[in-house]
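*Asks:* Got a structure here, written out as structure tokens. Questions coming.
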Amino acid sequence: PSYSIEERDILLQFKDGISDDPYNSLASWVSDGDLCNSFNGVTCNPDGFVDKIVLWNTSLAGILAPGLSGLRFIRVLNLFGNRFTGNLPLDYFKLQTLWTINVSSNAFSGPIPEFIGGLSSLRFLDLSKNGFAGEI
């Protein structure tokens with residue numbers, strides 16, 4: 001289906017933002033790959049949309065691609081134990097389906113994004129062990 005091609009492109013944009021992948025965790029993220037069955041760390045819902053991205057302790061370095069905000073049904077974003085820098089892109093305010101964000105143990109910095117308080121489905125948030133400042 002065309003939507004899974006669109007979501008695959010979004011994940012490939014995310015991969016483009018990665019400057020170091022020491023364990024080749026994203027080697028399976030290829031343009032002709034099956035998003036739901038062969039992309040490491042990606043789980044889809046029964047309709048074929050990305051439901052979870054779980055890439056923990058993979059030592060990925062880089063920045064988070066704003067394009068992830070195009071994942072309309074994502075519920076879990078777990079990037080614990082990597083080396084991401086910068087901040088959470090402001091476009092992530094669109095991720096109203098998220099109920100888990102775990103970006104602990106990275107190298108994020110800057111103010112905690114205000115939009116996090118507006119993610120109405122959010123039930124679990126872990127921003128610890130980063131350089132975030134401020135409050136939600």
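Residues are named by chain letter and number: chains run A, B, ... in the order of the structure tokens, numbers start at 1 in each chain, and ligands are numbered from 1 in the order shown.
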Which residues are close to stretch 101-111 of chain A, i.e. within 6 Å by only C-alpha atoms, leaving aside same-chain residues fewer than 3 positions away? Reply as a PyMOL selection string.

*Replies:* chain A and resi 77-87+125-134

*Asks:* Can you tell me, as a PDB file with C-alpha atoms, in the first residue's frame, what residues are no more than 12 Å from A:Ile74 when counting only C-alpha atoms, ignoring any on the same chain fewer than 5 positions away?

*Replies:*
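selection-v9.pdb was written with the following content:
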ATOM      1  CA  GLU A   7       6.099   5.792   6.083  1.00  0.00           C
ATOM      2  CA  VAL A  42       9.954  -1.140  13.879  1.00  0.00           C
ATOM      3  CA  THR A  43       6.580  -2.682  14.678  1.00  0.00           C
ATOM      4  CA  CYS A  44       3.414  -1.997  12.687  1.00  0.00           C
ATOM      5  CA  ASN A  45      -0.240  -2.076  13.673  1.00  0.00           C
ATOM      6  CA  GLY A  48       0.325  -1.670   8.267  1.00  0.00           C
ATOM      7  CA  PHE A  49       1.141   1.677   9.870  1.00  0.00           C
ATOM      8  CA  VAL A  50       4.176   2.194  12.122  1.00  0.00           C
ATOM      9  CA  ASP A  51       3.092   1.569  15.715  1.00  0.00           C
ATOM     10  CA  LYS A  52       6.437   1.435  17.560  1.00  0.00           C
ATOM     11  CA  ILE A  53      10.044   2.413  17.055  1.00  0.00           C
ATOM     12  CA  VAL A  54      12.226   0.756  19.683  1.00  0.00           C
ATOM     13  CA  LEU A  68       8.904  11.364  12.070  1.00  0.00           C
ATOM     14  CA  SER A  69       5.977  13.670  12.795  1.00  0.00           C
ATOM     15  CA  TYR A  92       6.605  16.259  17.037  1.00  0.00           C
ATOM     16  CA  LYS A  94       1.709  16.392  15.626  1.00  0.00           C
ATOM     17  CA  LEU A  95       2.336  12.988  17.224  1.00  0.00           C
ATOM     18  CA  GLN A  96      -0.936  12.985  19.132  1.00  0.00           C
ATOM     19  CA  THR A  97      -1.098   9.170  19.150  1.00  0.00           C
ATOM     20  CA  LEU A  98       2.114   8.766  21.200  1.00  0.00           C
ATOM     21  CA  TRP A  99       1.635   7.191  24.592  1.00  0.00           C
ATOM     22  CA  THR A 100       5.309   6.438  25.303  1.00  0.00           C
ATOM     23  CA  ILE A 101       8.357   8.628  24.744  1.00  0.00           C
ATOM     24  CA  SER A 121      -2.361  10.446  24.748  1.00  0.00           C
ATOM     25  CA  LEU A 122       1.012  10.489  26.541  1.00  0.00           C
TER      26      LEU A 122
END

*Asks:* If I take atom CA of A:Gly17 and atom CA of A:Ser59, how far is one from the other in Å, to one decimal?

*Replies:* 13.8 Å

*Asks:* Step one, run DSSP on the backbone; step two, keep only residues of stretch 11-96 of chain A assigned to strand (DSSP E); then write them as a PDB file with all heavy atoms, in the first residue's frame.

*Replies:*
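out-v8.pdb written:
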ATOM      1  N   ILE A  18      21.185  10.068  10.975  1.00  0.00           N
ATOM      2  CA  ILE A  18      22.097   9.319  11.846  1.00  0.00           C
ATOM      3  C   ILE A  18      23.520   9.471  11.313  1.00  0.00           C
ATOM      4  O   ILE A  18      23.799   9.151  10.160  1.00  0.00           O
ATOM      5  CB  ILE A  18      21.710   7.820  11.886  1.00  0.00           C
ATOM      6  CG1 ILE A  18      20.254   7.643  12.327  1.00  0.00           C
ATOM      7  CG2 ILE A  18      22.667   7.049  12.795  1.00  0.00           C
ATOM      8  CD1 ILE A  18      19.923   8.150  13.690  1.00  0.00           C
ATOM      9  N   SER A  19      24.414   9.955  12.173  1.00  0.00           N
ATOM     10  CA  SER A  19      25.803  10.157  11.753  1.00  0.00           C
ATOM     11  C   SER A  19      26.698   8.970  12.118  1.00  0.00           C
ATOM     12  O   SER A  19      27.776   8.813  11.554  1.00  0.00           O
ATOM     13  CB  SER A  19      26.361  11.437  12.375  1.00  0.00           C
ATOM     14  OG  SER A  19      26.242  11.377  13.792  1.00  0.00           O
ATOM     15  N   ASP A  20      26.250   8.136  13.037  1.00  0.00           N
ATOM     16  CA  ASP A  20      27.039   6.966  13.413  1.00  0.00           C
ATOM     17  C   ASP A  20      26.104   5.863  13.885  1.00  0.00           C
ATOM     18  O   ASP A  20      25.212   6.092  14.708  1.00  0.00           O
ATOM     19  CB  ASP A  20      28.036   7.328  14.525  1.00  0.00           C
ATOM     20  CG  ASP A  20      29.047   6.214  14.796  1.00  0.00           C
ATOM     21  OD1 ASP A  20      29.324   5.419  13.873  1.00  0.00           O
ATOM     22  OD2 ASP A  20      29.558   6.141  15.928  1.00  0.00           O
ATOM     23  N   VAL A  42      11.230  -1.721  14.300  1.00  0.00           N
ATOM     24  CA  VAL A  42       9.954  -1.140  13.879  1.00  0.00           C
ATOM     25  C   VAL A  42       8.859  -2.197  13.973  1.00  0.00           C
ATOM     26  O   VAL A  42       9.024  -3.321  13.506  1.00  0.00           O
ATOM     27  CB  VAL A  42      10.029  -0.610  12.427  1.00  0.00           C
ATOM     28  CG1 VAL A  42       8.664  -0.120  11.949  1.00  0.00           C
ATOM     29  CG2 VAL A  42      11.075   0.492  12.317  1.00  0.00           C
ATOM     30  N   THR A  43       7.752  -1.824  14.601  1.00  0.00           N
ATOM     31  CA  THR A  43       6.580  -2.682  14.678  1.00  0.00           C
ATOM     32  C   THR A  43       5.416  -1.927  14.066  1.00  0.00           C
ATOM     33  O   THR A  43       5.271  -0.721  14.285  1.00  0.00           O
ATOM     34  CB  THR A  43       6.240  -3.023  16.151  1.00  0.00           C
ATOM     35  OG1 THR A  43       7.412  -3.531  16.784  1.00  0.00           O
ATOM     36  CG2 THR A  43       5.127  -4.040  16.243  1.00  0.00           C
ATOM     37  N   CYS A  44       4.585  -2.634  13.306  1.00  0.00           N
ATOM     38  CA  CYS A  44       3.414  -1.997  12.687  1.00  0.00           C
ATOM     39  C   CYS A  44       2.135  -2.475  13.361  1.00  0.00           C
ATOM     40  O   CYS A  44       2.092  -3.544  13.969  1.00  0.00           O
ATOM     41  CB  CYS A  44       3.343  -2.340  11.199  1.00  0.00           C
ATOM     42  SG  CYS A  44       4.674  -1.619  10.225  1.00  0.00           S
ATOM     43  N   VAL A  50       3.188   2.302  11.052  1.00  0.00           N
ATOM     44  CA  VAL A  50       4.176   2.194  12.122  1.00  0.00           C
ATOM     45  C   VAL A  50       3.509   2.462  13.467  1.00  0.00           C
ATOM     46  O   VAL A  50       2.854   3.482  13.660  1.00  0.00           O
ATOM     47  CB  VAL A  50       5.350   3.177  11.902  1.00  0.00           C
ATOM     48  CG1 VAL A  50       6.288   3.169  13.106  1.00  0.00           C
ATOM     49  CG2 VAL A  50       6.112   2.818  10.627  1.00  0.00           C
ATOM     50  N   ASP A  51       3.677   1.504  14.388  1.00  0.00           N
ATOM     51  CA  ASP A  51       3.092   1.569  15.715  1.00  0.00           C
ATOM     52  C   ASP A  51       4.166   1.867  16.763  1.00  0.00           C
ATOM     53  O   ASP A  51       3.941   2.611  17.707  1.00  0.00           O
ATOM     54  CB  ASP A  51       2.433   0.218  16.020  1.00  0.00           C
ATOM     55  CG  ASP A  51       1.752   0.159  17.363  1.00  0.00           C
ATOM     56  OD1 ASP A  51       0.939   1.055  17.657  1.00  0.00           O
ATOM     57  OD2 ASP A  51       2.030  -0.780  18.131  1.00  0.00           O
ATOM     58  N   LYS A  52       5.362   1.281  16.582  1.00  0.00           N
ATOM     59  CA  LYS A  52       6.437   1.435  17.560  1.00  0.00           C
ATOM     60  C   LYS A  52       7.777   1.543  16.849  1.00  0.00           C
ATOM     61  O   LYS A  52       8.022   0.855  15.860  1.00  0.00           O
ATOM     62  CB  LYS A  52       6.513   0.215  18.494  1.00  0.00           C
ATOM     63  CG  LYS A  52       5.271  -0.048  19.303  1.00  0.00           C
ATOM     64  CD  LYS A  52       5.426  -1.323  20.120  1.00  0.00           C
ATOM     65  CE  LYS A  52       4.111  -1.660  20.804  1.00  0.00           C
ATOM     66  NZ  LYS A  52       4.143  -2.971  21.464  1.00  0.00           N
ATOM     67  N   ILE A  53       8.626   2.397  17.406  1.00  0.00           N
ATOM     68  CA  ILE A  53      10.044   2.413  17.055  1.00  0.00           C
ATOM     69  C   ILE A  53      10.800   2.215  18.360  1.00  0.00           C
ATOM     70  O   ILE A  53      10.690   3.029  19.274  1.00  0.00           O
ATOM     71  CB  ILE A  53      10.471   3.740  16.394  1.00  0.00           C
ATOM     72  CG1 ILE A  53       9.720   3.953  15.075  1.00  0.00           C
ATOM     73  CG2 ILE A  53      11.983   3.754  16.161  1.00  0.00           C
ATOM     74  CD1 ILE A  53      10.001   5.306  14.418  1.00  0.00           C
ATOM     75  N   VAL A  54      11.493   1.095  18.465  1.00  0.00           N
ATOM     76  CA  VAL A  54      12.226   0.756  19.683  1.00  0.00           C
ATOM     77  C   VAL A  54      13.675   0.459  19.291  1.00  0.00           C
ATOM     78  O   VAL A  54      13.983  -0.595  18.731  1.00  0.00           O
ATOM     79  CB  VAL A  54      11.599  -0.459  20.400  1.00  0.00           C
ATOM     80  CG1 VAL A  54      12.408  -0.822  21.655  1.00  0.00           C
ATOM     81  CG2 VAL A  54      10.149  -0.170  20.769  1.00  0.00           C
ATOM     82  N   ALA A  61      24.118   7.831  16.828  1.00  0.00           N
ATOM     83  CA  ALA A  61      24.443   9.246  17.021  1.00  0.00           C
ATOM     84  C   ALA A  61      23.817  10.037  15.884  1.00  0.00           C
ATOM     85  O   ALA A  61      23.673   9.537  14.766  1.00  0.00           O
ATOM     86  CB  ALA A  61      25.949   9.451  17.036  1.00  0.00           C
ATOM     87  N   GLY A  62      23.445  11.283  16.193  1.00  0.00           N
ATOM     88  CA  GLY A  62      22.863  12.145  15.173  1.00  0.00           C
ATOM     89  C   GLY A  62      21.761  12.991  15.760  1.00  0.00           C
ATOM     90  O   GLY A  62      21.678  13.195  16.974  1.00  0.00           O
ATOM     91  N   VAL A  76       4.610   4.333  20.302  1.00  0.00           N
ATOM     92  CA  VAL A  76       5.792   4.179  21.148  1.00  0.00           C
ATOM     93  C   VAL A  76       7.032   4.660  20.396  1.00  0.00           C
ATOM     94  O   VAL A  76       7.300   4.201  19.282  1.00  0.00           O
ATOM     95  CB  VAL A  76       5.986   2.694  21.567  1.00  0.00           C
ATOM     96  CG1 VAL A  76       7.299   2.515  22.328  1.00  0.00           C
ATOM     97  CG2 VAL A  76       4.808   2.213  22.399  1.00  0.00           C
ATOM     98  N   LEU A  77       7.758   5.587  21.022  1.00  0.00           N
ATOM     99  CA  LEU A  77       9.050   6.024  20.520  1.00  0.00           C
ATOM    100  C   LEU A  77      10.053   5.809  21.645  1.00  0.00           C
ATOM    101  O   LEU A  77      10.044   6.525  22.642  1.00  0.00           O
ATOM    102  CB  LEU A  77       9.016   7.500  20.103  1.00  0.00           C
ATOM    103  CG  LEU A  77      10.320   8.061  19.524  1.00  0.00           C
ATOM    104  CD1 LEU A  77      10.709   7.346  18.242  1.00  0.00           C
ATOM    105  CD2 LEU A  77      10.194   9.563  19.276  1.00  0.00           C
ATOM    106  N   ASN A  78      10.880   4.762  21.515  1.00  0.00           N
ATOM    107  CA  ASN A  78      11.840   4.422  22.553  1.00  0.00           C
ATOM    108  C   ASN A  78      13.240   4.459  21.949  1.00  0.00           C
ATOM    109  O   ASN A  78      13.607   3.591  21.160  1.00  0.00           O
ATOM    110  CB  ASN A  78      11.534   3.034  23.124  1.00  0.00           C
ATOM    111  CG  ASN A  78      12.422   2.701  24.302  1.00  0.00           C
ATOM    112  OD1 ASN A  78      13.488   3.278  24.485  1.00  0.00           O
ATOM    113  ND2 ASN A  78      11.989   1.748  25.115  1.00  0.00           N
ATOM    114  N   ARG A  83      23.036   8.220  21.348  1.00  0.00           N
ATOM    115  CA  ARG A  83      23.875   9.413  21.449  1.00  0.00           C
ATOM    116  C   ARG A  83      23.275  10.556  20.646  1.00  0.00           C
ATOM    117  O   ARG A  83      23.999  11.332  20.026  1.00  0.00           O
ATOM    118  CB  ARG A  83      25.296   9.081  20.962  1.00  0.00           C
ATOM    119  CG  ARG A  83      26.001   8.045  21.843  1.00  0.00           C
ATOM    120  CD  ARG A  83      27.368   7.664  21.322  1.00  0.00           C
ATOM    121  NE  ARG A  83      27.250   6.930  20.064  1.00  0.00           N
ATOM    122  CZ  ARG A  83      28.128   7.013  19.055  1.00  0.00           C
ATOM    123  NH1 ARG A  83      29.187   7.781  19.142  1.00  0.00           N
ATOM    124  NH2 ARG A  83      27.949   6.314  17.958  1.00  0.00           N
ATOM    125  N   PHE A  84      21.948  10.641  20.640  1.00  0.00           N
ATOM    126  CA  PHE A  84      21.288  11.723  19.908  1.00  0.00           C
ATOM    127  C   PHE A  84      21.579  13.068  20.561  1.00  0.00           C
ATOM    128  O   PHE A  84      21.642  13.167  21.790  1.00  0.00           O
ATOM    129  CB  PHE A  84      19.774  11.508  19.838  1.00  0.00           C
ATOM    130  CG  PHE A  84      19.367  10.414  18.893  1.00  0.00           C
ATOM    131  CD1 PHE A  84      18.976   9.177  19.363  1.00  0.00           C
ATOM    132  CD2 PHE A  84      19.379  10.633  17.525  1.00  0.00           C
ATOM    133  CE1 PHE A  84      18.606   8.165  18.492  1.00  0.00           C
ATOM    134  CE2 PHE A  84      19.015   9.636  16.642  1.00  0.00           C
ATOM    135  CZ  PHE A  84      18.629   8.400  17.129  1.00  0.00           C
ATOM    136  N   THR A  85      21.736  14.092  19.718  1.00  0.00           N
ATOM    137  CA  THR A  85      22.004  15.444  20.200  1.00  0.00           C
ATOM    138  C   THR A  85      20.908  16.386  19.709  1.00  0.00           C
ATOM    139  O   THR A  85      20.022  15.988  18.950  1.00  0.00           O
ATOM    140  CB  THR A  85      23.381  15.940  19.699  1.00  0.00           C
ATOM    141  OG1 THR A  85      23.421  15.823  18.279  1.00  0.00           O
ATOM    142  CG2 THR A  85      24.508  15.130  20.311  1.00  0.00           C
ATOM    143  N   GLY A  86      20.989  17.644  20.131  1.00  0.00           N
ATOM    144  CA  GLY A  86      19.971  18.618  19.753  1.00  0.00           C
ATOM    145  C   GLY A  86      18.776  18.493  20.674  1.00  0.00           C
ATOM    146  O   GLY A  86      18.917  18.190  21.861  1.00  0.00           O
TER     147      GLY A  86
END

*Asks:* What does the distance from atom CA of A:Gly33 to atom CA of A:Leu64 come to in Å, to one decimal?

*Replies:* 21.2 Å

*Asks:* Extract, using only C-alpha atoms, all DNA, RNA and protein residues at most 8 Å from stretch 25-27 of chain A, discarding same-chain residues fewer than 5 positions from it, and format them as JSON, numbers by chain.

*Replies:* {"A": [15, 39, 40, 58]}

*Asks:* Would you write out those residues with C-alpha atoms, as an mmCIF file, in the first residue's frame?

*Replies:*
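File out.cif, as written:
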data_model
loop_
_atom_site.group_PDB
_atom_site.id
_atom_site.type_symbol
_atom_site.label_atom_id
_atom_site.label_comp_id
_atom_site.auth_asym_id
_atom_site.auth_seq_id
_atom_site.Cartn_x
_atom_site.Cartn_y
_atom_site.Cartn_z
ATOM 1 C CA LYS A 15 18.137 7.135 9.066
ATOM 2 C CA PHE A 39 13.038 -2.862 9.513
ATOM 3 C CA ASN A 40 14.889 -3.574 12.762
ATOM 4 C CA THR A 58 22.172 0.953 19.903
#

*Asks:* Within 8 Å of A:Ile10, counting only C-alpha atoms, which residues qualify if same-chain residues fewer than 6 places away don't, as a PDB file with all heavy atoms, in the first residue's frame?

*Replies:*
ATOM      1  N   GLY A  67      10.734  14.745  10.263  1.00  0.00           N
ATOM      2  CA  GLY A  67       9.783  13.988   9.453  1.00  0.00           C
ATOM      3  C   GLY A  67       9.058  12.876  10.177  1.00  0.00           C
ATOM      4  O   GLY A  67       8.003  12.433   9.729  1.00  0.00           O
ATOM      5  N   LEU A  68       9.614  12.404  11.320  1.00  0.00           N
ATOM      6  CA  LEU A  68       8.904  11.364  12.070  1.00  0.00           C
ATOM      7  C   LEU A  68       7.506  11.821  12.445  1.00  0.00           C
ATOM      8  O   LEU A  68       6.639  11.003  12.727  1.00  0.00           O
ATOM      9  CB  LEU A  68       9.664  10.992  13.346  1.00  0.00           C
ATOM     10  CG  LEU A  68      10.819  10.001  13.271  1.00  0.00           C
ATOM     11  CD1 LEU A  68      11.269   9.611  14.672  1.00  0.00           C
ATOM     12  CD2 LEU A  68      10.468   8.764  12.478  1.00  0.00           C
ATOM     13  N   GLY A  70       5.336  12.686  10.653  1.00  0.00           N
ATOM     14  CA  GLY A  70       4.391  12.187   9.652  1.00  0.00           C
ATOM     15  C   GLY A  70       3.866  10.793   9.940  1.00  0.00           C
ATOM     16  O   GLY A  70       3.005  10.287   9.209  1.00  0.00           O
ATOM     17  N   LEU A  71       4.371  10.160  10.994  1.00  0.00           N
ATOM     18  CA  LEU A  71       3.881   8.826  11.374  1.00  0.00           C
ATOM     19  C   LEU A  71       2.586   9.010  12.151  1.00  0.00           C
ATOM     20  O   LEU A  71       2.595   9.327  13.331  1.00  0.00           O
ATOM     21  CB  LEU A  71       4.938   8.084  12.202  1.00  0.00           C
ATOM     22  CG  LEU A  71       6.268   7.835  11.495  1.00  0.00           C
ATOM     23  CD1 LEU A  71       7.284   7.217  12.452  1.00  0.00           C
ATOM     24  CD2 LEU A  71       6.079   6.948  10.265  1.00  0.00           C
TER      25      LEU A  71
END

*Asks:* Using only C-alpha atoms, which residue out of A:Glu6, A:Asp47, A:Asp34, A:Asp91 lies closest to A:Phe115?

*Replies:* A:Asp91

*Asks:* Counting only C-alpha atoms, which residue out of A:Ser28, A:Leu11, A:Tyr23, A:Phe73 sits closest to A:Pro46?

*Replies:* A:Phe73

*Asks:* Near A:Glu114, within 9 Å and counting only C-alpha atoms, which residues show up once chain neighbours fewer than 2 positions away are dropped, as number ranges by chain?

*Replies:* A: 90, 93, 111-112, 116-118, 135-136

*Asks:* Keeping only C-alpha atoms, write the selected residues to a file as a PDB file, in the first residue's frame.

*Replies:*
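Once everything was written out, this is selection09.pdb:
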ATOM      1  CA  LEU A  90       8.952  20.984  17.280  1.00  0.00           C
ATOM      2  CA  PHE A  93       3.620  18.173  18.437  1.00  0.00           C
ATOM      3  CA  PRO A 111      14.602  23.490  26.981  1.00  0.00           C
ATOM      4  CA  ILE A 112      12.052  20.723  27.436  1.00  0.00           C
ATOM      5  CA  ILE A 116       5.058  17.699  25.288  1.00  0.00           C
ATOM      6  CA  GLY A 117       2.411  19.045  27.654  1.00  0.00           C
ATOM      7  CA  GLY A 118      -0.066  18.997  24.767  1.00  0.00           C
ATOM      8  CA  GLU A 135       9.756  22.097  33.180  1.00  0.00           C
ATOM      9  CA  ILE A 136       6.734  20.643  31.434  1.00  0.00           C
TER      10      ILE A 136
END

*Asks:* Using DSSP on the backbone coordinates, identify all residues within stretch 21-110 of chain A classified as helix (DSSP H, G or I); present the result as a list in words.

*Replies:* Leu35, Cys36, Asn37, Ser38, Pro66, Gly67, Leu68, Ser69, Gly70, Leu90, Asp91, Tyr92, Phe93 and Lys94 of chain A
